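K.L.:
File name upload.pdb; file contents PDB, N, CA and C atoms; full text below.
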ATOM      1  N   MET L   2      13.583  -6.943   0.730
ATOM      2  CA  MET L   2      12.256  -7.325   1.164
ATOM      3  C   MET L   2      11.479  -6.077   1.577
ATOM      4  N   THR L   3      10.167  -6.196   1.501
ATOM      5  CA  THR L   3       9.325  -5.048   1.816
ATOM      6  C   THR L   3       7.966  -5.525   2.313
ATOM      7  N   TYR L   4       7.203  -4.598   2.788
ATOM      8  CA  TYR L   4       5.828  -4.875   3.165
ATOM      9  C   TYR L   4       4.913  -4.481   2.015
ATOM     10  N   VAL L   5       3.741  -5.106   1.958
ATOM     11  CA  VAL L   5       2.799  -4.937   0.857
ATOM     12  C   VAL L   5       1.420  -4.629   1.435
ATOM     13  N   ILE L   6       0.721  -3.696   0.819
ATOM     14  CA  ILE L   6      -0.663  -3.407   1.208
ATOM     15  C   ILE L   6      -1.575  -4.073   0.186
ATOM     16  N   ALA L   7      -2.594  -4.792   0.671
ATOM     17  CA  ALA L   7      -3.460  -5.589  -0.199
ATOM     18  C   ALA L   7      -4.906  -5.076  -0.205
ATOM     19  N   LEU L   8      -5.771  -5.839  -0.829
ATOM     20  CA  LEU L   8      -7.169  -5.482  -1.079
ATOM     21  C   LEU L   8      -7.943  -4.903   0.111
ATOM     22  N   PRO L   9      -7.769  -5.399   1.347
ATOM     23  CA  PRO L   9      -8.591  -4.844   2.434
ATOM     24  C   PRO L   9      -8.448  -3.332   2.626
ATOM     25  N   CYS L  10      -7.384  -2.737   2.110
ATOM     26  CA  CYS L  10      -7.188  -1.286   2.243
ATOM     27  C   CYS L  10      -8.048  -0.488   1.257
ATOM     28  N   VAL L  11      -8.431  -1.112   0.153
ATOM     29  CA  VAL L  11      -9.156  -0.384  -0.900
ATOM     30  C   VAL L  11     -10.447   0.214  -0.339
ATOM     31  N   ASP L  12     -10.617   1.502  -0.558
ATOM     32  CA  ASP L  12     -11.768   2.288  -0.113
ATOM     33  C   ASP L  12     -11.864   2.423   1.407
ATOM     34  N   VAL L  13     -10.784   2.087   2.121
ATOM     35  CA  VAL L  13     -10.742   2.266   3.572
ATOM     36  C   VAL L  13      -9.731   3.358   3.918
ATOM     37  N   LYS L  14      -8.475   3.156   3.533
ATOM     38  CA  LYS L  14      -7.388   4.116   3.758
ATOM     39  C   LYS L  14      -7.391   4.689   5.171
ATOM     40  N   ASP L  15      -7.297   3.835   6.155
ATOM     41  CA  ASP L  15      -7.344   4.245   7.558
ATOM     42  C   ASP L  15      -6.205   5.193   7.951
ATOM     43  N   ARG L  16      -5.032   5.009   7.401
ATOM     44  CA  ARG L  16      -3.851   5.851   7.617
ATOM     45  C   ARG L  16      -3.158   5.646   8.969
ATOM     46  N   ALA L  17      -3.580   4.701   9.793
ATOM     47  CA  ALA L  17      -2.845   4.422  11.029
ATOM     48  C   ALA L  17      -1.423   3.998  10.690
ATOM     49  N   CYS L  18      -1.262   3.289   9.588
ATOM     50  CA  CYS L  18       0.066   2.846   9.160
ATOM     51  C   CYS L  18       0.948   4.031   8.790
ATOM     52  N   VAL L  19       0.364   5.037   8.163
ATOM     53  CA  VAL L  19       1.110   6.228   7.763
ATOM     54  C   VAL L  19       1.665   6.921   9.008
ATOM     55  N   ASP L  20       0.827   7.035  10.038
ATOM     56  CA  ASP L  20       1.252   7.679  11.278
ATOM     57  C   ASP L  20       2.373   6.900  11.961
ATOM     58  N   GLU L  21       2.387   5.591  11.784
ATOM     59  CA  GLU L  21       3.349   4.724  12.464
ATOM     60  C   GLU L  21       4.674   4.595  11.702
ATOM     61  N   CYS L  22       4.672   4.816  10.409
ATOM     62  CA  CYS L  22       5.853   4.586   9.565
ATOM     63  C   CYS L  22       6.972   5.595   9.860
ATOM     64  N   PRO L  23       8.150   5.108  10.299
ATOM     65  CA  PRO L  23       9.225   6.038  10.652
ATOM     66  C   PRO L  23       9.954   6.634   9.447
ATOM     67  N   VAL L  24       9.763   6.060   8.258
ATOM     68  CA  VAL L  24      10.477   6.561   7.075
ATOM     69  C   VAL L  24       9.539   7.186   6.037
ATOM     70  N   ASP L  25       8.256   7.334   6.356
ATOM     71  CA  ASP L  25       7.303   8.027   5.484
ATOM     72  C   ASP L  25       7.251   7.424   4.080
ATOM     73  N   CYS L  26       7.183   6.076   4.011
ATOM     74  CA  CYS L  26       7.200   5.402   2.708
ATOM     75  C   CYS L  26       5.833   4.907   2.264
ATOM     76  N   ILE L  27       4.769   5.283   2.967
ATOM     77  CA  ILE L  27       3.425   4.840   2.609
ATOM     78  C   ILE L  27       2.696   5.997   1.941
ATOM     79  N   TYR L  28       2.402   5.812   0.667
ATOM     80  CA  TYR L  28       1.823   6.853  -0.171
ATOM     81  C   TYR L  28       0.333   6.611  -0.354
ATOM     82  N   GLU L  29      -0.411   7.693  -0.511
ATOM     83  CA  GLU L  29      -1.863   7.605  -0.643
ATOM     84  C   GLU L  29      -2.290   7.812  -2.080
ATOM     85  N   GLY L  30      -2.940   6.765  -2.646
ATOM     86  CA  GLY L  30      -3.578   6.896  -3.948
ATOM     87  C   GLY L  30      -5.025   7.310  -3.729
ATOM     88  N   GLU L  31      -5.817   7.292  -4.783
ATOM     89  CA  GLU L  31      -7.213   7.700  -4.631
ATOM     90  C   GLU L  31      -8.029   6.719  -3.802
ATOM     91  N   ARG L  32      -7.756   5.400  -3.945
ATOM     92  CA  ARG L  32      -8.590   4.401  -3.281
ATOM     93  C   ARG L  32      -7.867   3.547  -2.260
ATOM     94  N   MET L  33      -6.526   3.550  -2.280
ATOM     95  CA  MET L  33      -5.788   2.756  -1.296
ATOM     96  C   MET L  33      -4.416   3.361  -1.047
ATOM     97  N   LEU L  34      -3.730   2.818  -0.063
ATOM     98  CA  LEU L  34      -2.375   3.229   0.273
ATOM     99  C   LEU L  34      -1.394   2.240  -0.338
ATOM    100  N   TYR L  35      -0.184   2.707  -0.619
ATOM    101  CA  TYR L  35       0.848   1.890  -1.262
ATOM    102  C   TYR L  35       2.177   2.093  -0.542
ATOM    103  N   ILE L  36       2.944   1.012  -0.390
ATOM    104  CA  ILE L  36       4.263   1.095   0.235
ATOM    105  C   ILE L  36       5.323   1.165  -0.853
ATOM    106  N   GLN L  37       6.167   2.187  -0.803
ATOM    107  CA  GLN L  37       7.253   2.341  -1.776
ATOM    108  C   GLN L  37       8.347   1.345  -1.383
ATOM    109  N   PRO L  38       8.569   0.292  -2.199
ATOM    110  CA  PRO L  38       9.476  -0.789  -1.792
ATOM    111  C   PRO L  38      10.934  -0.367  -1.607
ATOM    112  N   ASP L  39      11.394   0.652  -2.336
ATOM    113  CA  ASP L  39      12.783   1.088  -2.196
ATOM    114  C   ASP L  39      12.994   1.976  -0.978
ATOM    115  N   GLU L  40      11.916   2.531  -0.450
ATOM    116  CA  GLU L  40      12.022   3.395   0.731
ATOM    117  C   GLU L  40      11.711   2.646   2.023
ATOM    118  N   CYS L  41      11.009   1.523   1.926
ATOM    119  CA  CYS L  41      10.631   0.723   3.098
ATOM    120  C   CYS L  41      11.881   0.108   3.729
ATOM    121  N   VAL L  42      12.010   0.243   5.043
ATOM    122  CA  VAL L  42      13.164  -0.309   5.756
ATOM    123  C   VAL L  42      12.810  -1.606   6.500
ATOM    124  N   ASP L  43      11.665  -2.176   6.195
ATOM    125  CA  ASP L  43      11.240  -3.461   6.761
ATOM    126  C   ASP L  43      11.158  -3.466   8.283
ATOM    127  N   CYS L  44      10.773  -2.348   8.869
ATOM    128  CA  CYS L  44      10.710  -2.293  10.333
ATOM    129  C   CYS L  44       9.483  -3.008  10.880
ATOM    130  N   GLY L  45       8.421  -3.105  10.050
ATOM    131  CA  GLY L  45       7.212  -3.798  10.476
ATOM    132  C   GLY L  45       6.264  -2.989  11.336
ATOM    133  N   ALA L  46       6.542  -1.719  11.560
ATOM    134  CA  ALA L  46       5.689  -0.901  12.431
ATOM    135  C   ALA L  46       4.274  -0.752  11.880
ATOM    136  N   CYS L  47       4.123  -0.782  10.572
ATOM    137  CA  CYS L  47       2.822  -0.574   9.944
ATOM    138  C   CYS L  47       1.869  -1.751  10.120
ATOM    139  N   GLU L  48       2.398  -2.952  10.083
ATOM    140  CA  GLU L  48       1.551  -4.150  10.050
ATOM    141  C   GLU L  48       0.598  -4.282  11.234
ATOM    142  N   PRO L  49       1.062  -4.183  12.480
ATOM    143  CA  PRO L  49       0.140  -4.416  13.599
ATOM    144  C   PRO L  49      -0.895  -3.311  13.811
ATOM    145  N   VAL L  50      -0.680  -2.126  13.266
ATOM    146  CA  VAL L  50      -1.637  -1.035  13.504
ATOM    147  C   VAL L  50      -2.743  -0.968  12.453
ATOM    148  N   CYS L  51      -2.654  -1.756  11.401
ATOM    149  CA  CYS L  51      -3.671  -1.735  10.347
ATOM    150  C   CYS L  51      -4.966  -2.370  10.863
ATOM    151  N   PRO L  52      -6.054  -1.586  10.939
ATOM    152  CA  PRO L  52      -7.292  -2.115  11.516
ATOM    153  C   PRO L  52      -8.002  -3.131  10.630
ATOM    154  N   VAL L  53      -7.639  -3.196   9.342
ATOM    155  CA  VAL L  53      -8.300  -4.155   8.450
ATOM    156  C   VAL L  53      -7.354  -5.274   8.013
ATOM    157  N   GLU L  54      -6.187  -5.351   8.640
ATOM    158  CA  GLU L  54      -5.193  -6.397   8.356
ATOM    159  C   GLU L  54      -4.892  -6.494   6.866
ATOM    160  N   ALA L  55      -4.534  -5.349   6.273
ATOM    161  CA  ALA L  55      -4.236  -5.282   4.845
ATOM    162  C   ALA L  55      -2.738  -5.306   4.548
ATOM    163  N   ILE L  56      -1.891  -5.254   5.568
ATOM    164  CA  ILE L  56      -0.448  -5.155   5.362
ATOM    165  C   ILE L  56       0.227  -6.475   5.704
ATOM    166  N   PHE L  57       1.077  -6.922   4.762
ATOM    167  CA  PHE L  57       1.759  -8.200   4.917
ATOM    168  C   PHE L  57       3.221  -8.066   4.528
ATOM    169  N   TYR L  58       4.077  -8.856   5.199
ATOM    170  CA  TYR L  58       5.454  -8.985   4.741
ATOM    171  C   TYR L  58       5.378  -9.634   3.358
ATOM    172  N   GLU L  59       6.231  -9.237   2.447
ATOM    173  CA  GLU L  59       6.071  -9.673   1.053
ATOM    174  C   GLU L  59       6.013 -11.188   0.884
ATOM    175  N   ASP L  60       6.699 -11.952   1.716
ATOM    176  CA  ASP L  60       6.647 -13.410   1.618
ATOM    177  C   ASP L  60       5.398 -14.004   2.257
ATOM    178  N   ASP L  61       4.624 -13.187   2.974
ATOM    179  CA  ASP L  61       3.460 -13.680   3.708
ATOM    180  C   ASP L  61       2.128 -13.197   3.149
ATOM    181  N   VAL L  62       2.137 -12.592   1.961
ATOM    182  CA  VAL L  62       0.888 -12.117   1.363
ATOM    183  C   VAL L  62       0.028 -13.350   1.040
ATOM    184  N   PRO L  63      -1.228 -13.368   1.503
ATOM    185  CA  PRO L  63      -2.093 -14.512   1.190
ATOM    186  C   PRO L  63      -2.216 -14.716  -0.321
ATOM    187  N   ASP L  64      -2.353 -15.970  -0.724
ATOM    188  CA  ASP L  64      -2.391 -16.310  -2.153
ATOM    189  C   ASP L  64      -3.409 -15.498  -2.940
ATOM    190  N   GLN L  65      -4.600 -15.262  -2.356
ATOM    191  CA  GLN L  65      -5.642 -14.545  -3.101
ATOM    192  C   GLN L  65      -5.266 -13.094  -3.376
ATOM    193  N   TRP L  66      -4.263 -12.577  -2.675
ATOM    194  CA  TRP L  66      -3.826 -11.190  -2.878
ATOM    195  C   TRP L  66      -2.379 -11.103  -3.353
ATOM    196  N   ALA L  67      -1.828 -12.205  -3.842
ATOM    197  CA  ALA L  67      -0.420 -12.243  -4.249
ATOM    198  C   ALA L  67      -0.083 -11.162  -5.273
ATOM    199  N   GLY L  68      -1.021 -10.799  -6.132
ATOM    200  CA  GLY L  68      -0.783  -9.780  -7.145
ATOM    201  C   GLY L  68      -0.548  -8.398  -6.579
ATOM    202  N   TYR L  69      -0.852  -8.196  -5.298
ATOM    203  CA  TYR L  69      -0.673  -6.871  -4.704
ATOM    204  C   TYR L  69       0.791  -6.502  -4.496
ATOM    205  N   TYR L  70       1.681  -7.479  -4.510
ATOM    206  CA  TYR L  70       3.112  -7.134  -4.483
ATOM    207  C   TYR L  70       3.425  -6.316  -5.737
ATOM    208  N   ASP L  71       3.051  -6.842  -6.900
ATOM    209  CA  ASP L  71       3.301  -6.131  -8.156
ATOM    210  C   ASP L  71       2.540  -4.813  -8.221
ATOM    211  N   ILE L  72       1.329  -4.799  -7.700
ATOM    212  CA  ILE L  72       0.530  -3.568  -7.696
ATOM    213  C   ILE L  72       1.246  -2.477  -6.908
ATOM    214  N   ASN L  73       1.801  -2.817  -5.728
ATOM    215  CA  ASN L  73       2.531  -1.830  -4.932
ATOM    216  C   ASN L  73       3.774  -1.347  -5.669
ATOM    217  N   VAL L  74       4.516  -2.263  -6.296
ATOM    218  CA  VAL L  74       5.733  -1.886  -7.025
ATOM    219  C   VAL L  74       5.382  -1.027  -8.244
ATOM    220  N   GLU L  75       4.403  -1.475  -9.037
ATOM    221  CA  GLU L  75       4.055  -0.787 -10.282
ATOM    222  C   GLU L  75       3.421   0.583 -10.059
ATOM    223  N   PHE L  76       2.793   0.788  -8.904
ATOM    224  CA  PHE L  76       2.221   2.098  -8.594
ATOM    225  C   PHE L  76       3.304   3.180  -8.665
ATOM    226  N   PHE L  77       4.544   2.798  -8.368
ATOM    227  CA  PHE L  77       5.646   3.760  -8.327
ATOM    228  C   PHE L  77       6.428   3.850  -9.632
ATOM    229  N   ASN L  78       5.978   3.151 -10.699
ATOM    230  CA  ASN L  78       6.683   3.231 -11.974
ATOM    231  C   ASN L  78       6.830   4.667 -12.449
ATOM    232  N   GLU L  79       5.775   5.436 -12.330
ATOM    233  CA  GLU L  79       5.796   6.828 -12.768
ATOM    234  C   GLU L  79       6.284   7.754 -11.657
ATOM    235  N   LEU L  80       5.868   7.473 -10.443
ATOM    236  CA  LEU L  80       6.173   8.332  -9.302
ATOM    237  C   LEU L  80       7.623   8.214  -8.849
ATOM    238  N   GLY L  81       8.205   7.038  -9.018
ATOM    239  CA  GLY L  81       9.575   6.806  -8.575
ATOM    240  C   GLY L  81       9.653   6.679  -7.070
ATOM    241  N   ALA L  82      10.771   7.147  -6.503
ATOM    242  CA  ALA L  82      10.997   7.126  -5.065
ATOM    243  C   ALA L  82      11.199   8.561  -4.604
ATOM    244  N   PRO L  83      10.090   9.270  -4.338
ATOM    245  CA  PRO L  83      10.174  10.697  -3.992
ATOM    246  C   PRO L  83      10.891  10.998  -2.679
ATOM    247  N   GLY L  84      11.085   9.987  -1.845
ATOM    248  CA  GLY L  84      11.793  10.226  -0.592
ATOM    249  C   GLY L  84      10.914  10.720   0.533
ATOM    250  N   GLY L  85       9.632  10.420   0.469
ATOM    251  CA  GLY L  85       8.729  10.789   1.556
ATOM    252  C   GLY L  85       7.358  11.168   1.059
ATOM    253  N   ALA L  86       6.355  10.479   1.593
ATOM    254  CA  ALA L  86       4.978  10.710   1.156
ATOM    255  C   ALA L  86       4.439  12.053   1.613
ATOM    256  N   ALA L  87       4.845  12.516   2.787
ATOM    257  CA  ALA L  87       4.280  13.749   3.336
ATOM    258  C   ALA L  87       4.546  14.946   2.436
ATOM    259  N   LYS L  88       5.713  14.967   1.800
ATOM    260  CA  LYS L  88       6.037  16.151   1.000
ATOM    261  C   LYS L  88       5.294  16.206  -0.332
ATOM    262  N   ILE L  89       4.756  15.062  -0.804
ATOM    263  CA  ILE L  89       3.999  15.125  -2.067
ATOM    264  C   ILE L  89       2.495  15.023  -1.864
ATOM    265  N   GLY L  90       2.071  14.530  -0.710
ATOM    266  CA  GLY L  90       0.640  14.437  -0.420
ATOM    267  C   GLY L  90      -0.041  13.353  -1.228
ATOM    268  N   PRO L  91      -1.377  13.311  -1.185
ATOM    269  CA  PRO L  91      -2.118  12.284  -1.922
ATOM    270  C   PRO L  91      -1.834  12.350  -3.423
ATOM    271  N   VAL L  92      -1.731  11.178  -4.034
ATOM    272  CA  VAL L  92      -1.483  11.065  -5.465
ATOM    273  C   VAL L  92      -2.840  10.869  -6.141
ATOM    274  N   PRO L  93      -3.141  11.611  -7.214
ATOM    275  CA  PRO L  93      -4.490  11.588  -7.801
ATOM    276  C   PRO L  93      -4.773  10.419  -8.741
ATOM    277  N   TYR L  94      -4.234   9.249  -8.434
ATOM    278  CA  TYR L  94      -4.511   8.065  -9.255
ATOM    279  C   TYR L  94      -4.244   6.818  -8.432
ATOM    280  N   ASP L  95      -4.583   5.666  -8.996
ATOM    281  CA  ASP L  95      -4.301   4.367  -8.405
ATOM    282  C   ASP L  95      -3.697   3.476  -9.470
ATOM    283  N   HIS L  96      -3.189   2.334  -9.036
ATOM    284  CA  HIS L  96      -2.771   1.313  -9.988
ATOM    285  C   HIS L  96      -4.014   0.946 -10.792
ATOM    286  N   PRO L  97      -3.902   0.662 -12.100
ATOM    287  CA  PRO L  97      -5.086   0.340 -12.915
ATOM    288  C   PRO L  97      -5.932  -0.803 -12.362
ATOM    289  N   THR L  98      -5.315  -1.794 -11.757
ATOM    290  CA  THR L  98      -6.082  -2.913 -11.183
ATOM    291  C   THR L  98      -6.972  -2.427 -10.051
ATOM    292  N   VAL L  99      -6.442  -1.555  -9.208
ATOM    293  CA  VAL L  99      -7.209  -1.006  -8.084
ATOM    294  C   VAL L  99      -8.281  -0.063  -8.601
ATOM    295  N   ALA L 100      -7.933   0.774  -9.556
ATOM    296  CA  ALA L 100      -8.897   1.730 -10.112
ATOM    297  C   ALA L 100     -10.093   1.017 -10.732
ATOM    298  N   ALA L 101      -9.877  -0.188 -11.266
ATOM    299  CA  ALA L 101     -10.945  -0.930 -11.941
ATOM    300  C   ALA L 101     -11.828  -1.735 -10.988
ATOM    301  N   LEU L 102     -11.452  -1.837  -9.730
ATOM    302  CA  LEU L 102     -12.249  -2.613  -8.775
ATOM    303  C   LEU L 102     -13.597  -1.965  -8.522
ATOM    304  N   PRO L 103     -14.630  -2.771  -8.286
ATOM    305  CA  PRO L 103     -15.902  -2.192  -7.865
ATOM    306  C   PRO L 103     -15.736  -1.608  -6.461
ATOM    307  N   PRO L 104     -16.619  -0.724  -6.039
ATOM    308  CA  PRO L 104     -16.520  -0.171  -4.683
ATOM    309  C   PRO L 104     -16.484  -1.312  -3.657
ATOM    310  N   GLN L 105     -15.604  -1.147  -2.685
ATOM    311  CA  GLN L 105     -15.446  -2.172  -1.654
ATOM    312  C   GLN L 105     -16.260  -1.791  -0.426
ATOM    313  N   GLY L 106     -17.000  -2.749   0.110
ATOM    314  CA  GLY L 106     -17.795  -2.499   1.313
ATOM    315  C   GLY L 106     -16.944  -2.650   2.543
ATOM    316  N   ASN L 107     -17.571  -2.737   3.695
ATOM    317  CA  ASN L 107     -16.839  -2.946   4.935
ATOM    318  C   ASN L 107     -16.178  -4.314   4.894
ATOM    319  N   HIS L 108     -14.965  -4.377   5.385
ATOM    320  CA  HIS L 108     -14.205  -5.642   5.361
ATOM    321  C   HIS L 108     -14.326  -6.331   6.681
TER     322      HIS L 108
END
Give the structure from this file in structure tokens form.
P.N.:
Amino acid sequence: MTYVIALPCVDVKDRACVDECPVDCIYEGERMLYIQPDECVDCGACEPVCPVEAIFYEDDVPDQWAGYYDINVEFFNELGAPGGAAKIGPVPYDHPTVAALPPQGNH
């Protein structure tokens, strides 16, 4: 099981979750943050600190954002499991679904 970041993060990228994550498994794309499912230890530290309530336990993702589980997993198809976001820094792309979204306003 893992946590999932959904639509409210797009074009916000607050990063409070990154600061809170004890295993450094939250990676930064161009428009949103992504949780690496194989590196996530399900501690839940990220969820309560997200100011836009974009982080959900995988079984609790609201229906309208259910596709974000796959988006988080597929973002890492090329990147793999680098073993820590801090050492690679921001990634210069997003999942194609996120990249295709219109600009998101305040949530």
K.L.:
Check which residues satisfy the PyMOL selection byres (((chain L and resi 91-108 and name CA) around 12) and name CA) in the file shown, then give them as number ranges by chain.
P.N.:
L: 6-14, 16, 19, 27-35, 52-55, 66, 68-80, 83, 85-90
K.L.:
Report the residues of segment 4-100 of chain L whose backbone DSSP state falls under strand (DSSP E or B), written as a VMD selection string.
P.N.:
chain L and resid 4 to 6 27 to 29 34 to 36 56 to 58
K.L.:
Please, could you write that set of residues out with N, CA and C atoms as a short mmCIF file (atom, residue, chain, number, x, y, z; two decimals), in the coordinates of the input?
P.N.:
data_model
loop_
_atom_site.label_atom_id
_atom_site.label_comp_id
_atom_site.auth_asym_id
_atom_site.auth_seq_id
_atom_site.Cartn_x
_atom_site.Cartn_y
_atom_site.Cartn_z
N TYR L 4 7.20 -4.60 2.79
CA TYR L 4 5.83 -4.88 3.16
C TYR L 4 4.91 -4.48 2.02
N VAL L 5 3.74 -5.11 1.96
CA VAL L 5 2.80 -4.94 0.86
C VAL L 5 1.42 -4.63 1.44
N ILE L 6 0.72 -3.70 0.82
CA ILE L 6 -0.66 -3.41 1.21
C ILE L 6 -1.58 -4.07 0.19
N ILE L 27 4.77 5.28 2.97
CA ILE L 27 3.42 4.84 2.61
C ILE L 27 2.70 6.00 1.94
N TYR L 28 2.40 5.81 0.67
CA TYR L 28 1.82 6.85 -0.17
C TYR L 28 0.33 6.61 -0.35
N GLU L 29 -0.41 7.69 -0.51
CA GLU L 29 -1.86 7.60 -0.64
C GLU L 29 -2.29 7.81 -2.08
N LEU L 34 -3.73 2.82 -0.06
CA LEU L 34 -2.38 3.23 0.27
C LEU L 34 -1.39 2.24 -0.34
N TYR L 35 -0.18 2.71 -0.62
CA TYR L 35 0.85 1.89 -1.26
C TYR L 35 2.18 2.09 -0.54
N ILE L 36 2.94 1.01 -0.39
CA ILE L 36 4.26 1.10 0.24
C ILE L 36 5.32 1.16 -0.85
N ILE L 56 -1.89 -5.25 5.57
CA ILE L 56 -0.45 -5.16 5.36
C ILE L 56 0.23 -6.48 5.70
N PHE L 57 1.08 -6.92 4.76
CA PHE L 57 1.76 -8.20 4.92
C PHE L 57 3.22 -8.07 4.53
N TYR L 58 4.08 -8.86 5.20
CA TYR L 58 5.45 -8.98 4.74
C TYR L 58 5.38 -9.63 3.36
#
K.L.:
Which polymer residues have any atom within 8 Å of an atom of Gly45 of chain L, counting only N, CA and C atoms, with same-chain residues fewer than 6 positions away left out, as a ChimeraX atom specification?
P.N.:
/L:4,21-22,58
K.L.:
Between L:Ala46, L:Val62, L:Ala82, L:Val5, which has the minimum distance to Ala17 of chain L (counting only C-alpha atoms)?
P.N.:
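Counting only C-alpha atoms, the residue closest to Ala17 of chain L is L:Ala46.
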K.L.:
Quote the spacing between atom C of Gly84 of chain L and atom CA of Pro49 of chain L in Å to one decimal place.
P.N.:
22.7 Å
K.L.:
So what do you get for atom CA of Asp43 of chain L versus atom N of Ala67 of chain L, distance-wise?
P.N.:
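Between atom CA of Asp43 of chain L and atom N of Ala67 of chain L the gap is 19.0 Å.
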K.L.:
Do you have the atom CA of Asp60 of chain L-atom CA of Pro38 of chain L distance handy?
P.N.:
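That distance, rounded to one decimal, is 13.4 Å.
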K.L.:
Per DSSP on the backbone, filter chain L down to the residues in helix (DSSP H, G or I) and report them as JSON, numbers by chain.
P.N.:
{"L": [8, 9, 10, 17, 18, 19, 20, 21, 47, 48, 49, 50, 59, 60, 61, 64, 65, 66, 69, 70, 71, 72, 73, 74, 75, 76, 77, 78, 79, 80, 86, 87, 88, 89, 97, 98, 99, 100]}
K.L.:
Have a look at L:Met2, L:Gln65, L:Val50, L:Glu59 and name the one nearest to Asp15 of chain L; count only C-alpha atoms.
P.N.:
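Counting only C-alpha atoms, the residue closest to Asp15 of chain L is L:Val50.
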